[in-house]
Amino acid sequence: MLKVYHCDLHIHTCLSPCAELDMHPQALVARALEKNLDIIAVSDHNASANVPYVLAAAAGKNIRIVPAMEITTREEVHVLALLENLSALRELQALIDRHLFGKNDEDRFGVQAVVNERGEVEDINTQLLLGATDLSIDEIVAAIHRLEGLAIPAHIDRESFSVLGQLGFIDDNAHFDALEISGRTGLSRGRLRYPELDRYPFLTSSDAHFLRDIGTATSALLLEAPTFAEIRMALAGQNGRRIVE
Amino acid sequence: MKIEEIVQALGLDVKCAKDCLDREVTGGYTGDLLSDVMGNSKAGYIWITRQVHQNIVAVASLKEHSAIILINSSQPTAETMEKAEAEKIPIMVSDLPAFEISGKIYNLLTAKS
Ligand SMILES: [Zn+2]
Ligand SMILES: [Zn+2]
């Protein structure tokens with residue numbers, strides 16, 4: 001039977017330099033449960049080392065974690081990659097690591113902490129995660145699709161780091177699985193503002209960098225079960241699965 | 001001033017639409033945010049950018065720019081070259097950064113008038 005699942009498919013952890021340190025896996029999961037979220041995607045900037053710990057923190061709890069990453073393309077567009085499992089995420093991370101350069105400056109950009117499900121710091125990432133990869137948006141989307149993931153340009157309504165801001169428009173040959181509208185604009189205003197994008201499914205997510213932001217923007221997905229295959233069907237509008245607008 | 005004269009004066013490497021260099025350059029715009037370029041540039045302008053994605057050709061064509069200059073020796077992608085050839089938008093490459101190439105073109109355009 002189909003039912004509505006409340007999803008927040010864009011949440012950062014304390015691995016993102018711009019996120020607060022309180023965003024560690026255990027606290028993040030606890031907050032998501034408090035907000036009655038059914039499915040969340042954990043997406044750090046060009047990094048993913050906290051995803052396994054979020055999965056561990058959510059083990060046995062009534063919430064589904066989607067492994068994800070928010071990749072910065074060469075054009076400085078943020079693209080969300082949603083993946084089915086950790087092995088796909090590891091492969092994507094290996095590719096990103098080969099194409100991301102520079103060292104983080106903690107004082108200027110913030111700490112990039114890998115924290116386990118018990119709240120213990122495992123590692124400090126020293127890459128310049130706020131930097132851009134040297135892969136084009138088309139190359140990133142192709143890589144995500146090779147790994148059978150979903151490619152979603154993030155916060156297209158924002159001026160900075162958005163596909164519309166950086167690249168002006170979305171051309172007909174693009175192969176995005178959905179477009180993310182930030183919570184500030186919301187789905188209905190997004191539809192009014194972008195009538196030319198009506199062939200795309202729209203998602204709204206919180207893009208939370210702070211615990212209090214988790215679940216402040218969500219998407220309602222009509223699914224049979226909280227699985228990746230069902231999410232894929234909902235974005236494609238197949239078999240009755242869909243995003244409720 | 002014609003594109004050809006700017007190419008000669010600054011030693012630019014013309015990548016495509018080589019037969020379209022007789023167009024008049026009426027001004028210039030420097031920017032990497034295509035939304036900003038679409039909003040603020042004008043027909044006849046030469047556009048100076050670091051973006052190499054194929055969308056730059058669509059923007060230049062839509063805004064009727066005279067040509068595109070890529071800075072810091074950035075190379076256009078194969079798709080970008082193909083589109084630029086089809087749309088007859090000359091793309092030139094400079095090894096200079098945006099600040100310097102913009103300054104030089106500004107001087108050329110204002111000296112002439
Ligand atoms: Zn972003
Ligand atoms: Zn984000």
# chains A, B, ... in the order shown; residues from 1 in each chain; ligands from 1

$ interface_residues --of "chain B" --to "chain A" --cutoff "9 Å" --atoms "only C-alpha atoms" --output "list in words"
Asp32, Leu33, Leu34, Ser35, Asp36, Val37, Met38, Arg50, Gln51, Val52, His53, Asn55, Ile56 and Val59 of chain B

$ residues_near_ligand --ligand "ligand 2" --cutoff "8 Å" --atoms "only C-alpha atoms and all ligand atoms" --output "list in words"
His10, Ile11, His12, Ser43, Asp44, His45, Glu70, His78, Ala154, Asp207, Ala208 and His209 of chain A

$ select_by_dssp --residues "region 36-198 of chain A" --states "strand (DSSP E)" --output "MDAnalysis selection string"
chainID A and resid 39:45 64:72 78:82 113:115 121:124 150:153 179:182

$ select_by_dssp --residues "chain B" --states "helix (DSSP H, G or I)" --output "count of residues only"
51

$ closest_residue --among "B:Ser61, B:Gln54, B:Gln8, B:Ser94" --to "Thr80 (chain B)" --atoms "only C-alpha atoms"
B:Gln54

$ residues_around --residues "Met92 (chain B)" --least-positions-apart "5" --cutoff "6 Å" --atoms "only C-alpha atoms" --output "count of residues only"
5

$ decode --residues "region 48-74 of chain B" --atoms "N, CA, C and O atoms" --output "PDB file, in the first residue's frame"
ATOM      1  N   ILE B  48      34.040  38.269 -21.396  1.00  0.00           N
ATOM      2  CA  ILE B  48      35.270  37.694 -20.825  1.00  0.00           C
ATOM      3  C   ILE B  48      34.882  36.800 -19.656  1.00  0.00           C
ATOM      4  O   ILE B  48      34.219  37.254 -18.712  1.00  0.00           O
ATOM      5  N   THR B  49      35.241  35.519 -19.708  1.00  0.00           N
ATOM      6  CA  THR B  49      34.788  34.578 -18.678  1.00  0.00           C
ATOM      7  C   THR B  49      35.753  33.437 -18.458  1.00  0.00           C
ATOM      8  O   THR B  49      36.634  33.163 -19.289  1.00  0.00           O
ATOM      9  N   ARG B  50      35.569  32.748 -17.328  1.00  0.00           N
ATOM     10  CA  ARG B  50      36.330  31.549 -16.987  1.00  0.00           C
ATOM     11  C   ARG B  50      35.480  30.295 -17.238  1.00  0.00           C
ATOM     12  O   ARG B  50      35.964  29.189 -17.208  1.00  0.00           O
ATOM     13  N   GLN B  51      34.166  30.498 -17.433  1.00  0.00           N
ATOM     14  CA  GLN B  51      33.291  29.340 -17.665  1.00  0.00           C
ATOM     15  C   GLN B  51      33.533  28.764 -19.053  1.00  0.00           C
ATOM     16  O   GLN B  51      33.641  29.523 -20.024  1.00  0.00           O
ATOM     17  N   VAL B  52      33.604  27.436 -19.164  1.00  0.00           N
ATOM     18  CA  VAL B  52      33.827  26.809 -20.466  1.00  0.00           C
ATOM     19  C   VAL B  52      32.653  25.909 -20.872  1.00  0.00           C
ATOM     20  O   VAL B  52      32.660  25.312 -21.939  1.00  0.00           O
ATOM     21  N   HIS B  53      31.659  25.800 -20.005  1.00  0.00           N
ATOM     22  CA  HIS B  53      30.490  24.956 -20.281  1.00  0.00           C
ATOM     23  C   HIS B  53      29.767  25.437 -21.539  1.00  0.00           C
ATOM     24  O   HIS B  53      29.767  26.623 -21.853  1.00  0.00           O
ATOM     25  N   GLN B  54      29.144  24.502 -22.245  1.00  0.00           N
ATOM     26  CA  GLN B  54      28.486  24.835 -23.511  1.00  0.00           C
ATOM     27  C   GLN B  54      27.393  25.900 -23.391  1.00  0.00           C
ATOM     28  O   GLN B  54      27.056  26.557 -24.377  1.00  0.00           O
ATOM     29  N   ASN B  55      26.854  26.082 -22.182  1.00  0.00           N
ATOM     30  CA  ASN B  55      25.818  27.111 -22.014  1.00  0.00           C
ATOM     31  C   ASN B  55      26.330  28.513 -22.340  1.00  0.00           C
ATOM     32  O   ASN B  55      25.537  29.404 -22.630  1.00  0.00           O
ATOM     33  N   ILE B  56      27.640  28.727 -22.295  1.00  0.00           N
ATOM     34  CA  ILE B  56      28.152  30.073 -22.609  1.00  0.00           C
ATOM     35  C   ILE B  56      27.804  30.462 -24.052  1.00  0.00           C
ATOM     36  O   ILE B  56      27.550  31.626 -24.341  1.00  0.00           O
ATOM     37  N   VAL B  57      27.760  29.478 -24.939  1.00  0.00           N
ATOM     38  CA  VAL B  57      27.444  29.774 -26.343  1.00  0.00           C
ATOM     39  C   VAL B  57      25.991  30.225 -26.466  1.00  0.00           C
ATOM     40  O   VAL B  57      25.682  31.193 -27.162  1.00  0.00           O
ATOM     41  N   ALA B  58      25.112  29.522 -25.746  1.00  0.00           N
ATOM     42  CA  ALA B  58      23.693  29.889 -25.788  1.00  0.00           C
ATOM     43  C   ALA B  58      23.489  31.306 -25.247  1.00  0.00           C
ATOM     44  O   ALA B  58      22.731  32.099 -25.818  1.00  0.00           O
ATOM     45  N   VAL B  59      24.195  31.624 -24.160  1.00  0.00           N
ATOM     46  CA  VAL B  59      24.050  32.965 -23.570  1.00  0.00           C
ATOM     47  C   VAL B  59      24.581  34.024 -24.542  1.00  0.00           C
ATOM     48  O   VAL B  59      23.925  35.044 -24.800  1.00  0.00           O
ATOM     49  N   ALA B  60      25.749  33.781 -25.131  1.00  0.00           N
ATOM     50  CA  ALA B  60      26.349  34.739 -26.064  1.00  0.00           C
ATOM     51  C   ALA B  60      25.459  34.933 -27.285  1.00  0.00           C
ATOM     52  O   ALA B  60      25.295  36.048 -27.787  1.00  0.00           O
ATOM     53  N   SER B  61      24.860  33.845 -27.735  1.00  0.00           N
ATOM     54  CA  SER B  61      24.006  33.909 -28.911  1.00  0.00           C
ATOM     55  C   SER B  61      22.712  34.664 -28.590  1.00  0.00           C
ATOM     56  O   SER B  61      22.270  35.532 -29.341  1.00  0.00           O
ATOM     57  N   LEU B  62      22.131  34.330 -27.444  1.00  0.00           N
ATOM     58  CA  LEU B  62      20.904  34.997 -26.988  1.00  0.00           C
ATOM     59  C   LEU B  62      21.118  36.507 -26.831  1.00  0.00           C
ATOM     60  O   LEU B  62      20.279  37.316 -27.229  1.00  0.00           O
ATOM     61  N   LYS B  63      22.263  36.880 -26.246  1.00  0.00           N
ATOM     62  CA  LYS B  63      22.532  38.287 -25.982  1.00  0.00           C
ATOM     63  C   LYS B  63      23.213  38.976 -27.176  1.00  0.00           C
ATOM     64  O   LYS B  63      23.574  40.142 -27.094  1.00  0.00           O
ATOM     65  N   GLU B  64      23.421  38.221 -28.236  1.00  0.00           N
ATOM     66  CA  GLU B  64      24.089  38.741 -29.447  1.00  0.00           C
ATOM     67  C   GLU B  64      25.448  39.362 -29.139  1.00  0.00           C
ATOM     68  O   GLU B  64      25.783  40.449 -29.629  1.00  0.00           O
ATOM     69  N   HIS B  65      26.209  38.664 -28.319  1.00  0.00           N
ATOM     70  CA  HIS B  65      27.583  39.117 -28.068  1.00  0.00           C
ATOM     71  C   HIS B  65      28.409  38.986 -29.342  1.00  0.00           C
ATOM     72  O   HIS B  65      28.142  38.124 -30.185  1.00  0.00           O
ATOM     73  N   SER B  66      29.430  39.827 -29.461  1.00  0.00           N
ATOM     74  CA  SER B  66      30.282  39.727 -30.646  1.00  0.00           C
ATOM     75  C   SER B  66      31.213  38.516 -30.549  1.00  0.00           C
ATOM     76  O   SER B  66      31.490  37.861 -31.555  1.00  0.00           O
ATOM     77  N   ALA B  67      31.687  38.198 -29.339  1.00  0.00           N
ATOM     78  CA  ALA B  67      32.612  37.077 -29.176  1.00  0.00           C
ATOM     79  C   ALA B  67      32.775  36.769 -27.692  1.00  0.00           C
ATOM     80  O   ALA B  67      32.333  37.535 -26.830  1.00  0.00           O
ATOM     81  N   ILE B  68      33.427  35.610 -27.419  1.00  0.00           N
ATOM     82  CA  ILE B  68      33.735  35.217 -26.038  1.00  0.00           C
ATOM     83  C   ILE B  68      35.251  35.097 -25.905  1.00  0.00           C
ATOM     84  O   ILE B  68      35.907  34.548 -26.793  1.00  0.00           O
ATOM     85  N   ILE B  69      35.779  35.620 -24.801  1.00  0.00           N
ATOM     86  CA  ILE B  69      37.205  35.399 -24.503  1.00  0.00           C
ATOM     87  C   ILE B  69      37.309  34.561 -23.238  1.00  0.00           C
ATOM     88  O   ILE B  69      36.738  34.903 -22.197  1.00  0.00           O
ATOM     89  N   LEU B  70      37.998  33.430 -23.328  1.00  0.00           N
ATOM     90  CA  LEU B  70      38.265  32.594 -22.153  1.00  0.00           C
ATOM     91  C   LEU B  70      39.613  33.002 -21.568  1.00  0.00           C
ATOM     92  O   LEU B  70      40.587  33.178 -22.295  1.00  0.00           O
ATOM     93  N   ILE B  71      39.640  33.147 -20.248  1.00  0.00           N
ATOM     94  CA  ILE B  71      40.830  33.663 -19.574  1.00  0.00           C
ATOM     95  C   ILE B  71      41.713  32.533 -19.043  1.00  0.00           C
ATOM     96  O   ILE B  71      41.306  31.368 -19.045  1.00  0.00           O
ATOM     97  N   ASN B  72      42.881  32.876 -18.563  1.00  0.00           N
ATOM     98  CA  ASN B  72      43.792  31.924 -17.903  1.00  0.00           C
ATOM     99  C   ASN B  72      44.026  30.655 -18.719  1.00  0.00           C
ATOM    100  O   ASN B  72      44.115  29.560 -18.166  1.00  0.00           O
ATOM    101  N   SER B  73      44.069  30.799 -20.025  1.00  0.00           N
ATOM    102  CA  SER B  73      44.288  29.657 -20.925  1.00  0.00           C
ATOM    103  C   SER B  73      43.235  28.555 -20.790  1.00  0.00           C
ATOM    104  O   SER B  73      43.503  27.400 -21.108  1.00  0.00           O
ATOM    105  N   SER B  74      42.052  28.901 -20.300  1.00  0.00           N
ATOM    106  CA  SER B  74      40.974  27.903 -20.193  1.00  0.00           C
ATOM    107  C   SER B  74      40.573  27.446 -21.586  1.00  0.00           C
ATOM    108  O   SER B  74      40.435  28.260 -22.496  1.00  0.00           O
TER     109      SER B  74
END
